[in-house]
Every structure is written in structure tokens, then in C-alpha cells.
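Next up, structure-v3.txt (compact mmCIF, N, CA and C atoms):
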# COMPACT_ATOMS: atom_id res chain seq x y z
N MET A 1420 56.02 -34.36 3.09
CA MET A 1420 56.78 -33.24 2.60
C MET A 1420 56.19 -32.81 1.26
N ILE A 1421 56.16 -31.52 1.05
CA ILE A 1421 55.71 -30.94 -0.21
C ILE A 1421 56.86 -30.13 -0.78
N ARG A 1422 57.11 -30.33 -2.05
CA ARG A 1422 58.16 -29.57 -2.73
C ARG A 1422 57.58 -28.98 -4.01
N ILE A 1423 57.74 -27.68 -4.18
CA ILE A 1423 57.33 -27.01 -5.41
C ILE A 1423 58.58 -26.33 -5.96
N GLU A 1424 59.00 -26.76 -7.14
CA GLU A 1424 60.25 -26.28 -7.71
C GLU A 1424 60.15 -24.89 -8.31
N GLN A 1425 58.92 -24.48 -8.69
CA GLN A 1425 58.79 -23.18 -9.33
C GLN A 1425 57.36 -22.66 -9.19
N PHE A 1426 57.23 -21.44 -8.66
CA PHE A 1426 55.96 -20.74 -8.66
C PHE A 1426 56.24 -19.25 -8.69
N ASP A 1427 55.22 -18.49 -9.08
CA ASP A 1427 55.39 -17.04 -9.11
C ASP A 1427 54.19 -16.38 -8.44
N LEU A 1428 54.20 -15.07 -8.40
CA LEU A 1428 53.15 -14.34 -7.69
C LEU A 1428 51.77 -14.55 -8.29
N ASP A 1429 51.68 -14.93 -9.56
CA ASP A 1429 50.38 -15.19 -10.18
C ASP A 1429 49.68 -16.39 -9.56
N THR A 1430 50.44 -17.30 -8.99
CA THR A 1430 49.85 -18.52 -8.43
C THR A 1430 49.95 -18.58 -6.90
N ILE A 1431 50.37 -17.49 -6.26
CA ILE A 1431 50.63 -17.54 -4.83
C ILE A 1431 49.37 -17.82 -4.00
N ASP A 1432 48.21 -17.37 -4.47
CA ASP A 1432 46.97 -17.66 -3.73
C ASP A 1432 46.67 -19.16 -3.75
N ASP A 1433 46.89 -19.80 -4.87
CA ASP A 1433 46.70 -21.25 -4.96
C ASP A 1433 47.70 -21.99 -4.06
N ILE A 1434 48.93 -21.51 -4.05
CA ILE A 1434 49.96 -22.11 -3.19
C ILE A 1434 49.54 -21.97 -1.73
N ALA A 1435 49.06 -20.80 -1.33
CA ALA A 1435 48.65 -20.57 0.06
C ALA A 1435 47.53 -21.51 0.45
N ASN A 1436 46.53 -21.67 -0.39
CA ASN A 1436 45.42 -22.59 -0.08
C ASN A 1436 45.91 -24.02 0.05
N MET A 1437 46.81 -24.45 -0.82
CA MET A 1437 47.36 -25.79 -0.75
C MET A 1437 48.16 -25.99 0.54
N LEU A 1438 48.95 -24.98 0.91
CA LEU A 1438 49.75 -25.09 2.13
C LEU A 1438 48.85 -25.19 3.37
N LEU A 1439 47.81 -24.38 3.42
CA LEU A 1439 46.91 -24.42 4.58
C LEU A 1439 46.31 -25.80 4.78
N LYS A 1440 46.02 -26.50 3.71
CA LYS A 1440 45.47 -27.86 3.80
C LYS A 1440 46.54 -28.86 4.24
N SER A 1441 47.80 -28.49 4.09
CA SER A 1441 48.91 -29.40 4.37
C SER A 1441 49.54 -29.21 5.75
N PHE A 1442 49.34 -28.04 6.35
CA PHE A 1442 49.96 -27.78 7.65
C PHE A 1442 49.43 -28.77 8.69
N LYS A 1443 50.32 -29.24 9.54
CA LYS A 1443 49.96 -30.16 10.61
C LYS A 1443 49.88 -29.45 11.96
N SER A 1444 50.38 -28.22 12.02
CA SER A 1444 50.33 -27.44 13.26
C SER A 1444 49.93 -26.01 12.90
N LYS A 1445 49.77 -25.20 13.91
CA LYS A 1445 49.45 -23.78 13.68
C LYS A 1445 50.68 -22.90 13.88
N THR A 1446 51.83 -23.52 14.04
CA THR A 1446 53.09 -22.78 14.11
C THR A 1446 53.90 -23.13 12.87
N VAL A 1447 54.11 -22.11 12.04
CA VAL A 1447 54.81 -22.30 10.78
C VAL A 1447 56.06 -21.43 10.78
N LEU A 1448 57.20 -22.09 10.55
CA LEU A 1448 58.48 -21.41 10.53
C LEU A 1448 58.87 -21.13 9.08
N PHE A 1449 59.18 -19.89 8.78
CA PHE A 1449 59.52 -19.47 7.43
C PHE A 1449 61.02 -19.21 7.34
N TYR A 1450 61.72 -20.02 6.54
CA TYR A 1450 63.14 -19.86 6.32
C TYR A 1450 63.36 -19.38 4.89
N GLY A 1451 64.33 -18.51 4.71
CA GLY A 1451 64.67 -18.02 3.38
C GLY A 1451 65.40 -16.71 3.49
N ASP A 1452 66.17 -16.42 2.46
CA ASP A 1452 66.94 -15.18 2.43
C ASP A 1452 66.03 -13.96 2.43
N MET A 1453 66.58 -12.84 2.81
CA MET A 1453 65.84 -11.59 2.76
C MET A 1453 65.41 -11.32 1.32
N GLY A 1454 64.16 -10.93 1.15
CA GLY A 1454 63.65 -10.60 -0.16
C GLY A 1454 63.11 -11.78 -0.97
N VAL A 1455 63.09 -12.97 -0.37
CA VAL A 1455 62.62 -14.15 -1.09
C VAL A 1455 61.10 -14.21 -1.19
N GLY A 1456 60.40 -13.45 -0.34
CA GLY A 1456 58.94 -13.42 -0.42
C GLY A 1456 58.21 -14.04 0.76
N LYS A 1457 58.87 -14.12 1.90
CA LYS A 1457 58.23 -14.70 3.08
C LYS A 1457 56.98 -13.92 3.47
N THR A 1458 57.09 -12.59 3.56
CA THR A 1458 55.95 -11.77 3.96
C THR A 1458 54.87 -11.79 2.89
N THR A 1459 55.24 -11.86 1.63
CA THR A 1459 54.26 -11.94 0.54
C THR A 1459 53.46 -13.23 0.64
N LEU A 1460 54.14 -14.33 0.93
CA LEU A 1460 53.44 -15.61 1.10
C LEU A 1460 52.55 -15.57 2.34
N ILE A 1461 53.03 -14.96 3.41
CA ILE A 1461 52.22 -14.84 4.62
C ILE A 1461 50.97 -14.01 4.33
N SER A 1462 51.09 -12.98 3.53
CA SER A 1462 49.93 -12.18 3.15
C SER A 1462 48.91 -13.03 2.40
N ALA A 1463 49.38 -13.91 1.51
CA ALA A 1463 48.47 -14.81 0.78
C ALA A 1463 47.82 -15.82 1.74
N LEU A 1464 48.57 -16.28 2.73
CA LEU A 1464 48.01 -17.19 3.73
C LEU A 1464 46.92 -16.49 4.55
N LEU A 1465 47.17 -15.24 4.92
CA LEU A 1465 46.17 -14.46 5.65
C LEU A 1465 44.89 -14.33 4.83
N LYS A 1466 45.04 -14.03 3.56
CA LYS A 1466 43.89 -13.90 2.68
C LYS A 1466 43.11 -15.22 2.64
N ALA A 1467 43.82 -16.32 2.51
CA ALA A 1467 43.17 -17.63 2.46
C ALA A 1467 42.47 -17.97 3.77
N LEU A 1468 42.96 -17.42 4.87
CA LEU A 1468 42.33 -17.64 6.18
C LEU A 1468 41.18 -16.67 6.44
N GLY A 1469 40.95 -15.74 5.51
CA GLY A 1469 39.81 -14.85 5.63
C GLY A 1469 40.11 -13.45 6.11
N SER A 1470 41.38 -13.08 6.19
CA SER A 1470 41.73 -11.73 6.63
C SER A 1470 41.47 -10.73 5.51
N LYS A 1471 41.04 -9.56 5.89
CA LYS A 1471 40.85 -8.46 4.94
C LYS A 1471 42.10 -7.59 4.87
N THR A 1472 43.07 -7.87 5.74
CA THR A 1472 44.27 -7.06 5.86
C THR A 1472 45.45 -7.75 5.18
N LYS A 1473 46.24 -6.97 4.46
CA LYS A 1473 47.47 -7.47 3.85
C LYS A 1473 48.58 -7.45 4.89
N ALA A 1474 49.38 -8.49 4.92
CA ALA A 1474 50.49 -8.56 5.88
C ALA A 1474 51.54 -7.51 5.56
N THR A 1475 52.08 -6.93 6.60
CA THR A 1475 53.25 -6.07 6.47
C THR A 1475 54.33 -6.66 7.35
N SER A 1476 55.55 -6.43 6.99
CA SER A 1476 56.65 -7.01 7.75
C SER A 1476 56.75 -6.40 9.14
N PRO A 1477 56.75 -7.23 10.17
CA PRO A 1477 56.90 -6.72 11.54
C PRO A 1477 58.37 -6.60 11.95
N THR A 1478 59.22 -6.19 11.01
CA THR A 1478 60.65 -6.11 11.29
C THR A 1478 60.96 -5.24 12.50
N PHE A 1479 60.27 -4.12 12.64
CA PHE A 1479 60.56 -3.22 13.76
C PHE A 1479 59.66 -3.48 14.96
N SER A 1480 58.42 -3.89 14.72
CA SER A 1480 57.51 -4.16 15.84
C SER A 1480 57.69 -5.57 16.38
N ILE A 1481 58.36 -6.44 15.67
CA ILE A 1481 58.61 -7.84 15.96
C ILE A 1481 57.37 -8.72 15.74
N VAL A 1482 56.19 -8.25 16.12
CA VAL A 1482 54.98 -9.06 15.92
C VAL A 1482 53.84 -8.18 15.44
N ASN A 1483 53.10 -8.69 14.44
CA ASN A 1483 51.86 -8.08 13.99
C ASN A 1483 50.75 -9.09 14.26
N GLU A 1484 49.59 -8.60 14.58
CA GLU A 1484 48.44 -9.46 14.87
C GLU A 1484 47.36 -9.20 13.82
N TYR A 1485 46.79 -10.29 13.29
CA TYR A 1485 45.76 -10.20 12.27
C TYR A 1485 44.56 -11.04 12.67
N GLU A 1486 43.38 -10.50 12.48
CA GLU A 1486 42.16 -11.27 12.69
C GLU A 1486 41.82 -11.99 11.40
N VAL A 1487 41.52 -13.28 11.53
CA VAL A 1487 41.07 -14.10 10.42
C VAL A 1487 39.76 -14.75 10.84
N ASN A 1488 39.15 -15.51 9.95
CA ASN A 1488 37.88 -16.17 10.30
C ASN A 1488 38.04 -17.02 11.56
N ASP A 1489 37.37 -16.62 12.63
CA ASP A 1489 37.33 -17.39 13.89
C ASP A 1489 38.70 -17.67 14.50
N ASP A 1490 39.68 -16.83 14.24
CA ASP A 1490 41.01 -17.06 14.81
C ASP A 1490 41.85 -15.79 14.72
N ILE A 1491 43.08 -15.91 15.16
CA ILE A 1491 44.06 -14.83 15.13
C ILE A 1491 45.36 -15.39 14.55
N VAL A 1492 46.06 -14.57 13.79
CA VAL A 1492 47.39 -14.92 13.30
C VAL A 1492 48.38 -13.95 13.92
N TYR A 1493 49.43 -14.50 14.53
CA TYR A 1493 50.55 -13.71 15.01
C TYR A 1493 51.69 -13.90 14.01
N HIS A 1494 52.15 -12.79 13.46
CA HIS A 1494 53.20 -12.81 12.44
C HIS A 1494 54.45 -12.17 13.05
N PHE A 1495 55.49 -12.97 13.18
CA PHE A 1495 56.73 -12.52 13.82
C PHE A 1495 57.84 -12.36 12.80
N ASP A 1496 58.72 -11.40 13.05
CA ASP A 1496 59.94 -11.25 12.28
C ASP A 1496 61.06 -10.99 13.30
N PHE A 1497 61.90 -11.99 13.49
CA PHE A 1497 62.95 -11.90 14.50
C PHE A 1497 64.31 -11.50 13.91
N TYR A 1498 64.31 -10.98 12.70
CA TYR A 1498 65.57 -10.62 12.04
C TYR A 1498 66.43 -9.67 12.89
N ARG A 1499 65.82 -8.70 13.53
CA ARG A 1499 66.58 -7.66 14.22
C ARG A 1499 66.96 -7.98 15.67
N ILE A 1500 66.44 -9.08 16.22
CA ILE A 1500 66.81 -9.34 17.61
C ILE A 1500 68.25 -9.84 17.68
N LYS A 1501 68.91 -9.49 18.74
CA LYS A 1501 70.32 -9.85 18.92
C LYS A 1501 70.48 -11.13 19.73
N ASP A 1502 69.46 -11.43 20.54
CA ASP A 1502 69.56 -12.54 21.49
C ASP A 1502 68.16 -13.14 21.64
N ALA A 1503 68.08 -14.46 21.73
CA ALA A 1503 66.79 -15.14 21.86
C ALA A 1503 66.01 -14.65 23.07
N ASN A 1504 66.71 -14.22 24.09
CA ASN A 1504 66.01 -13.75 25.29
C ASN A 1504 65.18 -12.49 25.04
N GLU A 1505 65.49 -11.74 23.98
CA GLU A 1505 64.66 -10.58 23.63
C GLU A 1505 63.24 -11.02 23.31
N ALA A 1506 63.09 -12.24 22.80
CA ALA A 1506 61.76 -12.76 22.49
C ALA A 1506 60.94 -12.95 23.77
N LEU A 1507 61.61 -13.21 24.87
CA LEU A 1507 60.90 -13.34 26.15
C LEU A 1507 60.25 -12.02 26.55
N ASP A 1508 60.89 -10.91 26.18
CA ASP A 1508 60.37 -9.59 26.52
C ASP A 1508 59.00 -9.32 25.88
N ILE A 1509 58.74 -9.96 24.75
CA ILE A 1509 57.43 -9.77 24.11
C ILE A 1509 56.46 -10.88 24.48
N GLY A 1510 56.90 -11.81 25.31
CA GLY A 1510 56.03 -12.90 25.74
C GLY A 1510 55.89 -14.01 24.72
N ILE A 1511 56.98 -14.37 24.05
CA ILE A 1511 56.93 -15.35 22.97
C ILE A 1511 56.27 -16.66 23.38
N GLU A 1512 56.52 -17.11 24.59
CA GLU A 1512 55.93 -18.39 25.00
C GLU A 1512 54.42 -18.31 25.07
N ASP A 1513 53.88 -17.17 25.49
CA ASP A 1513 52.43 -17.00 25.52
C ASP A 1513 51.84 -17.08 24.11
N TYR A 1514 52.52 -16.47 23.15
CA TYR A 1514 52.05 -16.53 21.77
C TYR A 1514 52.11 -17.97 21.23
N LEU A 1515 53.25 -18.63 21.43
CA LEU A 1515 53.47 -19.95 20.86
C LEU A 1515 52.49 -21.00 21.37
N TYR A 1516 52.04 -20.83 22.60
CA TYR A 1516 51.14 -21.83 23.20
C TYR A 1516 49.72 -21.29 23.36
N SER A 1517 49.37 -20.28 22.55
CA SER A 1517 48.05 -19.65 22.64
C SER A 1517 46.96 -20.45 21.92
N GLY A 1518 47.35 -21.35 21.04
CA GLY A 1518 46.38 -22.08 20.24
C GLY A 1518 46.02 -21.35 18.95
N HIS A 1519 46.60 -20.17 18.74
CA HIS A 1519 46.37 -19.40 17.52
C HIS A 1519 47.50 -19.66 16.53
N TRP A 1520 47.33 -19.15 15.31
CA TRP A 1520 48.36 -19.28 14.29
C TRP A 1520 49.58 -18.45 14.65
N ASN A 1521 50.77 -19.01 14.41
CA ASN A 1521 52.04 -18.30 14.58
C ASN A 1521 52.84 -18.49 13.30
N PHE A 1522 53.04 -17.41 12.56
CA PHE A 1522 53.87 -17.42 11.36
C PHE A 1522 55.16 -16.70 11.73
N ILE A 1523 56.29 -17.41 11.67
CA ILE A 1523 57.54 -16.88 12.22
C ILE A 1523 58.62 -16.79 11.15
N GLU A 1524 59.04 -15.56 10.87
CA GLU A 1524 60.19 -15.33 10.00
C GLU A 1524 61.45 -15.25 10.86
N TRP A 1525 62.54 -15.78 10.36
CA TRP A 1525 63.83 -15.83 11.05
C TRP A 1525 63.70 -16.60 12.38
N PRO A 1526 63.09 -17.80 12.33
CA PRO A 1526 62.89 -18.58 13.56
C PRO A 1526 64.18 -19.10 14.18
N GLU A 1527 65.24 -19.16 13.39
CA GLU A 1527 66.51 -19.64 13.93
C GLU A 1527 67.00 -18.76 15.07
N LYS A 1528 66.51 -17.53 15.14
CA LYS A 1528 66.93 -16.60 16.20
C LYS A 1528 66.30 -16.97 17.55
N ILE A 1529 65.23 -17.77 17.53
CA ILE A 1529 64.54 -18.12 18.79
C ILE A 1529 64.36 -19.63 18.92
N ASP A 1530 65.23 -20.39 18.29
CA ASP A 1530 65.04 -21.85 18.25
C ASP A 1530 64.88 -22.50 19.62
N VAL A 1531 65.47 -21.92 20.66
CA VAL A 1531 65.37 -22.52 22.00
C VAL A 1531 63.95 -22.47 22.55
N PHE A 1532 63.10 -21.62 22.00
CA PHE A 1532 61.73 -21.47 22.51
C PHE A 1532 60.68 -22.16 21.65
N LEU A 1533 61.08 -22.68 20.51
CA LEU A 1533 60.10 -23.25 19.58
C LEU A 1533 59.47 -24.52 20.14
N PRO A 1534 58.17 -24.69 19.88
CA PRO A 1534 57.52 -25.93 20.32
C PRO A 1534 58.03 -27.13 19.52
N ASN A 1535 57.71 -28.31 19.98
CA ASN A 1535 58.18 -29.52 19.31
C ASN A 1535 57.49 -29.77 17.98
N GLU A 1536 56.22 -29.43 17.88
CA GLU A 1536 55.47 -29.70 16.66
C GLU A 1536 55.30 -28.41 15.86
N VAL A 1537 55.98 -28.34 14.74
CA VAL A 1537 55.94 -27.16 13.88
C VAL A 1537 55.97 -27.61 12.42
N ASP A 1538 55.55 -26.71 11.55
CA ASP A 1538 55.72 -26.90 10.11
C ASP A 1538 56.86 -25.98 9.68
N ILE A 1539 57.72 -26.50 8.83
CA ILE A 1539 58.88 -25.74 8.37
C ILE A 1539 58.74 -25.49 6.88
N LEU A 1540 58.75 -24.22 6.52
CA LEU A 1540 58.60 -23.82 5.13
C LEU A 1540 59.88 -23.11 4.70
N LYS A 1541 60.56 -23.69 3.73
CA LYS A 1541 61.80 -23.10 3.21
C LYS A 1541 61.53 -22.54 1.83
N LEU A 1542 61.84 -21.26 1.66
CA LEU A 1542 61.66 -20.57 0.38
C LEU A 1542 63.01 -20.25 -0.24
N LYS A 1543 63.05 -20.32 -1.55
CA LYS A 1543 64.28 -20.04 -2.28
C LYS A 1543 63.93 -19.27 -3.55
N LEU A 1544 64.77 -18.32 -3.91
CA LEU A 1544 64.62 -17.57 -5.16
C LEU A 1544 65.38 -18.30 -6.25
N ASN A 1545 64.67 -18.61 -7.34
CA ASN A 1545 65.30 -19.26 -8.49
C ASN A 1545 65.97 -18.21 -9.38
N LYS A 1546 66.84 -18.66 -10.26
CA LYS A 1546 67.55 -17.75 -11.17
C LYS A 1546 66.62 -16.97 -12.07
N ASN A 1547 65.45 -17.54 -12.40
CA ASN A 1547 64.50 -16.86 -13.29
C ASN A 1547 63.51 -15.98 -12.52
N GLU A 1548 63.82 -15.71 -11.25
CA GLU A 1548 63.00 -14.86 -10.36
C GLU A 1548 61.74 -15.54 -9.84
N SER A 1549 61.48 -16.79 -10.22
CA SER A 1549 60.39 -17.54 -9.61
C SER A 1549 60.89 -18.02 -8.24
N ARG A 1550 59.98 -18.60 -7.49
CA ARG A 1550 60.35 -19.12 -6.17
C ARG A 1550 60.18 -20.63 -6.13
N ALA A 1551 60.90 -21.25 -5.20
CA ALA A 1551 60.73 -22.67 -4.91
C ALA A 1551 60.44 -22.77 -3.42
N LEU A 1552 59.70 -23.82 -3.04
CA LEU A 1552 59.46 -24.01 -1.62
C LEU A 1552 59.46 -25.47 -1.26
N LYS A 1553 59.75 -25.70 0.00
CA LYS A 1553 59.68 -27.05 0.55
C LYS A 1553 59.01 -26.95 1.91
N LEU A 1554 57.96 -27.72 2.11
CA LEU A 1554 57.26 -27.78 3.38
C LEU A 1554 57.57 -29.11 4.03
N SER A 1555 58.09 -29.05 5.24
CA SER A 1555 58.38 -30.24 6.02
C SER A 1555 57.60 -30.15 7.32
N VAL A 1556 57.12 -31.28 7.77
CA VAL A 1556 56.39 -31.34 9.03
C VAL A 1556 57.31 -32.02 10.04
N TYR A 1557 57.52 -31.35 11.15
CA TYR A 1557 58.38 -31.89 12.19
C TYR A 1557 57.58 -32.13 13.45
N ASP A 1558 57.83 -33.25 14.08
CA ASP A 1558 57.19 -33.50 15.37
C ASP A 1558 58.24 -33.56 16.47
N GLU A 1559 59.37 -32.95 16.18
CA GLU A 1559 60.41 -32.76 17.19
C GLU A 1559 61.05 -31.42 16.93
N LYS A 1560 61.72 -30.89 17.91
CA LYS A 1560 62.33 -29.56 17.77
C LYS A 1560 63.19 -29.53 16.51
N PRO A 1561 62.95 -28.54 15.64
CA PRO A 1561 63.71 -28.48 14.38
C PRO A 1561 65.19 -28.23 14.63
N LYS A 1562 65.97 -28.80 13.74
CA LYS A 1562 67.41 -28.59 13.79
C LYS A 1562 67.77 -27.59 12.71
N ILE A 1563 68.60 -26.62 13.06
CA ILE A 1563 68.99 -25.59 12.11
C ILE A 1563 69.98 -26.20 11.11
N ASN A 1564 69.62 -26.01 9.82
CA ASN A 1564 70.41 -26.54 8.68
C ASN A 1564 70.61 -28.00 8.87
Take the structure I supplied and represent it as C-alpha cells, if you would.
Amino acid sequence: MIRIEQFDLDTIDDIANMLLKSFKSKTVLFYGDMGVGKTTLISALLKALGSKTKATSPTFSIVNEYEVNDDIVYHFDFYRIKDANEALDIGIEDYLYSGHWNFIEWPEKIDVFLPNEVDILKLKLNKNESRALKLSVYDEKPKIN
């Protein structure tokens, strides 16, 4: 487990590089309130993976695809889905078992489809506007809260 009590946007690239070295799987679940910086951190992760494109929130499209060095990143935002079965309509299982990176915002909305081995990243906004994060590695289906 990795815990960082305070970081800001000036150090986000360093945080992204450290996280990439720590991930145990290519499926990363991003938990945190709206506006905490999940998409901003994902953009830094994309940069660290070699993407020339900045991440944008796939709130309406549900999934964005990015090319990185010798791989692909699928970035999901399930905030707007009403039912986990909506994820089946976009072929979520094909994405999750593709062997490519899957960065998932609001994963609690599709927990029934998540693979057993995932990395869980929890972000929190501190009172001073900095962020805190905790990275946990799970080798069993994550439990919500």
C-alpha cells in the first residue's frame, strides 16, 4: 500500500511515475468525490506512459481511448450510468480482459464486472486544496467501502 498525505499539481507528474512503478495490474480503479482530480491524475499517467494527448473526462462518451508507447489506455467514467448492465452495452468485459490499460472512474457503478486483480486508488481533497491518495493492491474482487 502507498499513502501520500499531501501533493499538489506541481508534483503530479512525479506522483504518476511513482504510481506506474507500483501498479500490480493494468486495471486501476479511481475512487474520489467529483472534482478531486481523478481525470487530472489520469492525464499525468497518460503522459508518463508516453501519450501526446491530454485526458478529457469521458463523462458523456463513457470511454475514451488513448495510444501510449506500445499499448492502449481505456479511460472510463461511469458516473452517468444508471445500471451496471449499461456497461455491457459498450462491451465492458472485452475492455477489461483486453490486456490493455483500464483506468476506471466511478468503478462502484460496475463492481459486478470488475476482474479479481485490480489496483485501487483513492483520492481525497484536503482542506488546503492539496490532494491525498492511497493506492491499494487487491487480488480479490474489491469491496465497496
>> Quick one: residues within 6.5 Å of stretch 1495-1502 of chain A, all atoms listed in the file, excluding same-chain residues fewer than 4 positions away - as a PyMOL selection string?
In response: chain A and resi 1477-1478+1481-1483+1506+1521-1526+1528
Pull N, CA and C atoms from the residues just selected and write them as a PDB file, in the frame of the given file.
ATOM      1  N   PRO A1477      56.750  -7.230  10.170  1.00  0.00           N
ATOM      2  CA  PRO A1477      56.900  -6.720  11.540  1.00  0.00           C
ATOM      3  C   PRO A1477      58.370  -6.600  11.950  1.00  0.00           C
ATOM      4  N   THR A1478      59.220  -6.190  11.010  1.00  0.00           N
ATOM      5  CA  THR A1478      60.650  -6.110  11.290  1.00  0.00           C
ATOM      6  C   THR A1478      60.960  -5.240  12.500  1.00  0.00           C
ATOM      7  N   ILE A1481      58.360  -6.440  15.670  1.00  0.00           N
ATOM      8  CA  ILE A1481      58.610  -7.840  15.960  1.00  0.00           C
ATOM      9  C   ILE A1481      57.370  -8.720  15.740  1.00  0.00           C
ATOM     10  N   VAL A1482      56.190  -8.250  16.120  1.00  0.00           N
ATOM     11  CA  VAL A1482      54.980  -9.060  15.920  1.00  0.00           C
ATOM     12  C   VAL A1482      53.840  -8.180  15.440  1.00  0.00           C
ATOM     13  N   ASN A1483      53.100  -8.690  14.440  1.00  0.00           N
ATOM     14  CA  ASN A1483      51.860  -8.080  13.990  1.00  0.00           C
ATOM     15  C   ASN A1483      50.750  -9.090  14.260  1.00  0.00           C
ATOM     16  N   ALA A1506      63.090 -12.240  22.800  1.00  0.00           N
ATOM     17  CA  ALA A1506      61.760 -12.760  22.490  1.00  0.00           C
ATOM     18  C   ALA A1506      60.940 -12.950  23.770  1.00  0.00           C
ATOM     19  N   ASN A1521      50.770 -19.010  14.410  1.00  0.00           N
ATOM     20  CA  ASN A1521      52.040 -18.300  14.580  1.00  0.00           C
ATOM     21  C   ASN A1521      52.840 -18.490  13.300  1.00  0.00           C
ATOM     22  N   PHE A1522      53.040 -17.410  12.560  1.00  0.00           N
ATOM     23  CA  PHE A1522      53.870 -17.420  11.360  1.00  0.00           C
ATOM     24  C   PHE A1522      55.160 -16.700  11.730  1.00  0.00           C
ATOM     25  N   ILE A1523      56.290 -17.410  11.670  1.00  0.00           N
ATOM     26  CA  ILE A1523      57.540 -16.880  12.220  1.00  0.00           C
ATOM     27  C   ILE A1523      58.620 -16.790  11.150  1.00  0.00           C
ATOM     28  N   GLU A1524      59.040 -15.560  10.870  1.00  0.00           N
ATOM     29  CA  GLU A1524      60.190 -15.330  10.000  1.00  0.00           C
ATOM     30  C   GLU A1524      61.450 -15.250  10.860  1.00  0.00           C
ATOM     31  N   TRP A1525      62.540 -15.780  10.360  1.00  0.00           N
ATOM     32  CA  TRP A1525      63.830 -15.830  11.050  1.00  0.00           C
ATOM     33  C   TRP A1525      63.700 -16.600  12.380  1.00  0.00           C
ATOM     34  N   PRO A1526      63.090 -17.800  12.330  1.00  0.00           N
ATOM     35  CA  PRO A1526      62.890 -18.580  13.560  1.00  0.00           C
ATOM     36  C   PRO A1526      64.180 -19.100  14.180  1.00  0.00           C
ATOM     37  N   LYS A1528      66.510 -17.530  15.140  1.00  0.00           N
ATOM     38  CA  LYS A1528      66.930 -16.600  16.200  1.00  0.00           C
ATOM     39  C   LYS A1528      66.300 -16.970  17.550  1.00  0.00           C
TER      40      LYS A1528
END
> What is the atom CA of A:Arg1550 to atom N of A:Asn1535 distance in Å?
Replying inline: 27.8 Å
>> Show me, as number ranges by chain, the residues that have an atom within 6 Å of A:Val1537 when counting only C-alpha atoms, minus same-chain residues fewer than 5 positions from it.
In response: A: 1444, 1446-1447, 1557
> So which bits of chain A end up helix (DSSP H, G or I) when you DSSP the backbone, as number ranges by chain?
Replying inline: A: 1428-1441, 1457-1467, 1504-1508, 1511-1515, 1526-1532
> Skipping near chain neighbours, those fewer than 5 positions away, what residues fall within 12 Å of A:Thr1430 using only C-alpha atoms, listed as a ChimeraX atom specification?
Replying inline: /A:1423,1425,1435-1437,1459-1460,1463,1549-1550
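Of the listed residues A:Leu1468, A:Gly1451, A:Ile1461, A:Ala1503, the one whose atoms come nearest to A:Leu1540 is A:Gly1451, with distances taken using all atoms listed in the file.
The coordinates place atom CA of A:Ile1434 at 23.7 Å from atom CA of A:Gly1518.
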